[in-house]
file input39.cif (mmCIF, C-alpha atoms)
data_protein
loop_
_atom_site.label_atom_id
_atom_site.label_comp_id
_atom_site.auth_asym_id
_atom_site.auth_seq_id
_atom_site.Cartn_x
_atom_site.Cartn_y
_atom_site.Cartn_z
CA MET A 322 -8.18 -7.70 17.48
CA ALA A 323 -11.60 -6.26 18.10
CA SER A 324 -12.64 -2.70 18.68
CA THR A 325 -13.77 -1.70 22.13
CA ASP A 326 -17.37 -2.24 21.01
CA GLY A 327 -16.61 -5.83 19.90
CA SER A 328 -16.67 -5.12 16.16
CA PRO A 329 -13.66 -6.02 14.00
CA ALA A 330 -10.77 -3.57 14.25
CA THR A 331 -10.23 -1.04 11.50
CA LEU A 332 -6.91 -0.12 9.92
CA VAL A 333 -6.91 3.21 11.74
CA GLU A 334 -7.48 1.50 15.10
CA VAL A 335 -4.69 -1.00 14.47
CA MET A 336 -2.34 1.81 13.48
CA GLN A 337 -3.23 3.71 16.65
CA GLN A 338 -2.47 0.62 18.73
CA HIS A 339 0.82 -0.03 16.87
CA PRO A 340 2.44 3.40 16.35
CA GLU A 341 5.56 2.01 14.61
CA LEU A 342 3.52 0.02 12.03
CA ASN A 343 4.14 1.16 8.46
CA THR A 344 4.62 -0.35 5.00
CA PHE A 345 8.09 -1.63 5.96
CA GLY A 346 6.81 -3.45 9.03
CA ILE A 347 7.54 -2.30 12.56
CA GLY A 348 9.88 0.70 12.78
CA ALA A 349 12.36 1.99 10.22
CA PHE A 350 14.62 0.08 7.83
CA ASP A 351 18.18 -0.20 9.18
CA ALA A 352 17.20 1.99 12.14
CA ASN A 353 20.58 1.74 13.88
CA ARG A 354 22.18 3.71 11.06
CA LYS A 355 19.66 6.55 11.19
CA THR A 356 18.99 9.46 13.48
CA ARG A 357 15.75 9.55 15.46
CA GLU A 358 14.54 12.26 13.08
CA GLN A 359 15.28 10.10 10.03
CA GLN A 360 13.57 7.12 11.64
CA GLY A 361 10.52 9.20 12.52
CA SER A 362 10.28 10.63 9.03
CA GLU A 363 10.57 7.20 7.43
CA VAL A 364 7.93 5.68 9.73
CA ALA A 365 5.57 8.64 9.15
CA GLU A 366 5.92 8.30 5.36
CA GLY A 367 5.37 4.54 5.59
CA ARG A 368 2.27 5.03 7.75
CA SER A 369 0.83 7.46 5.21
CA GLU A 370 1.46 4.90 2.44
CA LEU A 371 -0.15 2.16 4.54
CA LEU A 372 -3.33 4.21 4.96
CA GLN A 373 -3.50 4.62 1.18
CA ARG A 374 -3.45 0.81 0.84
CA GLU A 375 -6.54 0.19 2.98
CA THR A 376 -8.44 -1.51 0.14
CA THR A 377 -5.62 -4.01 -0.40
CA ILE A 378 -5.29 -4.56 3.35
CA MET A 379 -9.00 -5.31 3.71
CA GLN A 380 -8.76 -7.77 0.77
CA LEU A 381 -5.91 -9.43 2.67
CA VAL A 382 -8.06 -9.56 5.81
CA ALA A 383 -10.72 -11.51 3.90
CA TRP A 384 -8.09 -13.75 2.29
CA LEU A 385 -6.44 -14.54 5.63
CA LYS A 386 -9.80 -15.35 7.25
CA ASP A 387 -10.58 -17.74 4.38
CA ASN A 388 -7.18 -19.42 4.25
CA ILE A 389 -5.24 -19.38 7.53
CA ALA A 390 -6.75 -20.47 10.84
CA PRO A 391 -5.60 -18.76 14.03
CA ILE A 392 -3.72 -20.61 16.77
CA GLN A 393 -2.73 -19.39 20.19
CA THR A 394 1.08 -19.41 19.98
CA PRO A 395 2.71 -16.86 17.64
CA THR A 396 5.33 -18.77 15.61
CA GLN A 397 4.87 -17.65 11.98
CA ASN A 398 7.15 -14.81 10.86
CA SER A 399 5.36 -12.13 8.83
CA TYR A 400 8.09 -11.71 6.22
CA PRO A 401 8.18 -15.26 4.81
CA ILE A 402 4.37 -15.48 5.11
CA LYS A 403 4.10 -12.31 3.01
CA GLY A 404 6.13 -14.00 0.28
CA TYR A 405 3.97 -17.13 0.32
CA ILE A 406 0.82 -15.04 0.05
CA GLU A 407 2.27 -12.92 -2.76
CA ARG A 408 2.97 -16.03 -4.82
CA ALA A 409 -0.39 -17.62 -3.98
CA ARG A 410 -2.31 -14.44 -4.89
CA GLY A 411 -0.05 -13.29 -7.71
CA GLU A 412 0.46 -9.76 -6.43
CA TYR A 413 3.01 -7.85 -4.35
CA ILE A 414 2.15 -6.91 -0.78
CA SER A 415 4.37 -5.14 1.71
CA ASN A 416 5.34 -6.61 5.06
CA GLY A 417 3.37 -3.81 6.74
CA GLU A 418 0.25 -4.59 4.73
CA LEU A 419 0.37 -8.21 5.85
CA ILE A 420 1.04 -7.22 9.46
CA ALA A 421 -1.86 -4.74 9.45
CA ALA A 422 -4.23 -7.30 7.93
CA ALA A 423 -3.18 -10.02 10.39
CA LEU A 424 -3.64 -7.64 13.33
CA ILE A 425 -7.11 -6.71 12.05
CA VAL A 426 -7.99 -10.42 11.77
CA GLY A 427 -6.90 -10.80 15.38
CA TYR A 428 -4.11 -13.38 15.24
CA SER A 429 -2.03 -13.59 18.40
CA TYR A 430 1.27 -11.80 17.86
CA LYS A 431 4.72 -11.00 19.16
CA TYR A 432 7.04 -8.30 17.83
CA VAL A 433 10.38 -9.36 16.36
CA ALA A 434 10.89 -5.99 14.69
CA PRO A 435 10.78 -5.23 11.88
CA ASN A 436 8.65 -8.35 11.55
CA VAL A 437 5.91 -9.85 13.69
CA LEU A 438 5.32 -13.46 14.70
CA PHE A 439 1.69 -14.52 14.30
CA GLY A 440 -0.37 -17.38 15.69
CA MET A 441 -1.19 -19.00 12.35
CA SER A 442 -1.83 -22.67 11.64
CA GLN A 443 1.33 -24.36 10.32
CA ARG A 444 -0.82 -26.71 8.21
CA ASP A 445 -2.55 -23.74 6.56
CA VAL A 446 0.73 -21.88 6.04
CA ASP A 447 2.21 -24.99 4.40
CA ARG A 448 -0.83 -25.22 2.11
CA VAL A 449 -0.46 -21.54 1.12
CA PHE A 450 3.23 -22.17 0.41
CA GLN A 451 2.22 -25.05 -1.88
CA MET A 452 -0.36 -22.82 -3.64
CA GLY A 453 2.44 -20.46 -4.65
CA GLN A 454 4.71 -23.16 -6.10
#

call {"tool": "encode", "arguments": {"input": "input39.cif", "output": "structure tokens"}}
result
Amino acid sequence: MASTDGSPATLVEVMQQHPELNTFGIGAFDANRKTREQQGSEVAEGRSELLQRETTIMQLVAWLKDNIAPIQTPTQNSYPIKGYIERARGEYISNGELIAAALIVGYSYKYVAPNVLFGMSQRDVDRVFQMGQ
């Protein structure tokens, strides 16, 4: 996803374009059991946390660019991919951090809230999975 001037998107731009994006993913955890106010509060808190993780997100951007090629059709679910990357890199990342990084990289996507499907090479995803074994 590029900025309007053609430069790579920033975290702030991605968050503006995806107003439900937060550390959890898209929207609030177990949203059907919460009031709109509770959902809004949870998303706002998660968005604030996500902004504080910009350094980690930008490291993930670089890692994704180096390790997982884009494809056109979004088929890779963010949540399992997050786990593969955590094991390969040896550090915890939230679903929202992965989603933000992947959106900055510019992978094609489709919401399946709270997760996102991304257009990522199956071969590369399989290799990342093997790295974490």

call {"tool": "resolve_selection", "arguments": {"input": "input39.cif", "expression": "the PyMOL selection byres ((chain A and resi 417) around 9)", "output": "NGL selection string"}}
result
:A and (342-347 or 367-368 or 371 or 399 or 414-416 or 418-422 or 436)

call {"tool": "atom_distance", "arguments": {"input": "input39.cif", "atom1": "atom CA of Gly453 of chain A", "atom2": "atom CA of Val335 of chain A"}}
result
28.2 Å

call {"tool": "resolve_selection", "arguments": {"input": "input39.cif", "expression": "the PyMOL selection byres ((chain A and resi 380-395) around 12)", "output": "JSON, numbers by chain"}}
result
{"A": [322, 329, 330, 331, 332, 374, 375, 376, 377, 378, 379, 396, 397, 398, 399, 402, 403, 405, 406, 407, 409, 410, 412, 413, 414, 415, 416, 417, 418, 419, 420, 421, 422, 423, 424, 425, 426, 427, 428, 429, 430, 431, 432, 433, 437, 438, 439, 440, 441, 442, 443, 444, 445, 446, 447, 448, 449, 450, 452]}

call {"tool": "atom_distance", "arguments": {"input": "input39.cif", "atom1": "atom CA of Val333 of chain A", "atom2": "atom CA of Arg408 of chain A"}}
result
27.2 Å

call {"tool": "atom_distance", "arguments": {"input": "input39.cif", "atom1": "atom CA of Gln451 of chain A", "atom2": "atom CA of Tyr400 of chain A"}}
result
16.7 Å

call {"tool": "residues_around", "arguments": {"input": "input39.cif", "residues": "segment 364-366 of chain A", "least_positions_apart": "2", "cutoff": "7 Å", "atoms": "only C-alpha atoms", "output": "ChimeraX atom specification"}}
result
/A:341,343,348-349,360-362,368-370

call {"tool": "build_atoms", "arguments": {"input": "input39.cif", "residues": "segment 356-368 of chain A", "atoms": "N, CA and C atoms", "output": "short mmCIF file (atom, residue, chain, number, x, y, z; two decimals), keeping the file's coordinate frame"}}
result
data_model
loop_
_atom_site.label_atom_id
_atom_site.label_comp_id
_atom_site.auth_asym_id
_atom_site.auth_seq_id
_atom_site.Cartn_x
_atom_site.Cartn_y
_atom_site.Cartn_z
N THR A 356 19.32 8.63 12.33
CA THR A 356 18.99 9.46 13.48
C THR A 356 17.53 9.24 13.85
N ARG A 357 17.15 9.66 15.05
CA ARG A 357 15.75 9.55 15.46
C ARG A 357 14.83 10.31 14.49
N GLU A 358 15.32 11.46 14.02
CA GLU A 358 14.54 12.26 13.08
C GLU A 358 14.34 11.50 11.77
N GLN A 359 15.39 10.88 11.26
CA GLN A 359 15.28 10.10 10.03
C GLN A 359 14.33 8.92 10.21
N GLN A 360 14.46 8.24 11.35
CA GLN A 360 13.57 7.12 11.64
C GLN A 360 12.11 7.59 11.68
N GLY A 361 11.88 8.67 12.40
CA GLY A 361 10.52 9.20 12.52
C GLY A 361 9.93 9.59 11.18
N SER A 362 10.74 10.23 10.35
CA SER A 362 10.28 10.63 9.03
C SER A 362 9.95 9.42 8.17
N GLU A 363 10.80 8.41 8.21
CA GLU A 363 10.57 7.20 7.43
C GLU A 363 9.30 6.47 7.89
N VAL A 364 9.13 6.35 9.19
CA VAL A 364 7.93 5.68 9.73
C VAL A 364 6.68 6.47 9.36
N ALA A 365 6.73 7.80 9.48
CA ALA A 365 5.57 8.64 9.15
C ALA A 365 5.19 8.48 7.67
N GLU A 366 6.19 8.47 6.80
CA GLU A 366 5.92 8.30 5.36
C GLU A 366 5.32 6.92 5.09
N GLY A 367 5.88 5.89 5.75
CA GLY A 367 5.37 4.54 5.59
C GLY A 367 3.96 4.37 6.13
N ARG A 368 3.63 5.09 7.19
CA ARG A 368 2.27 5.03 7.75
C ARG A 368 1.27 5.69 6.80
#
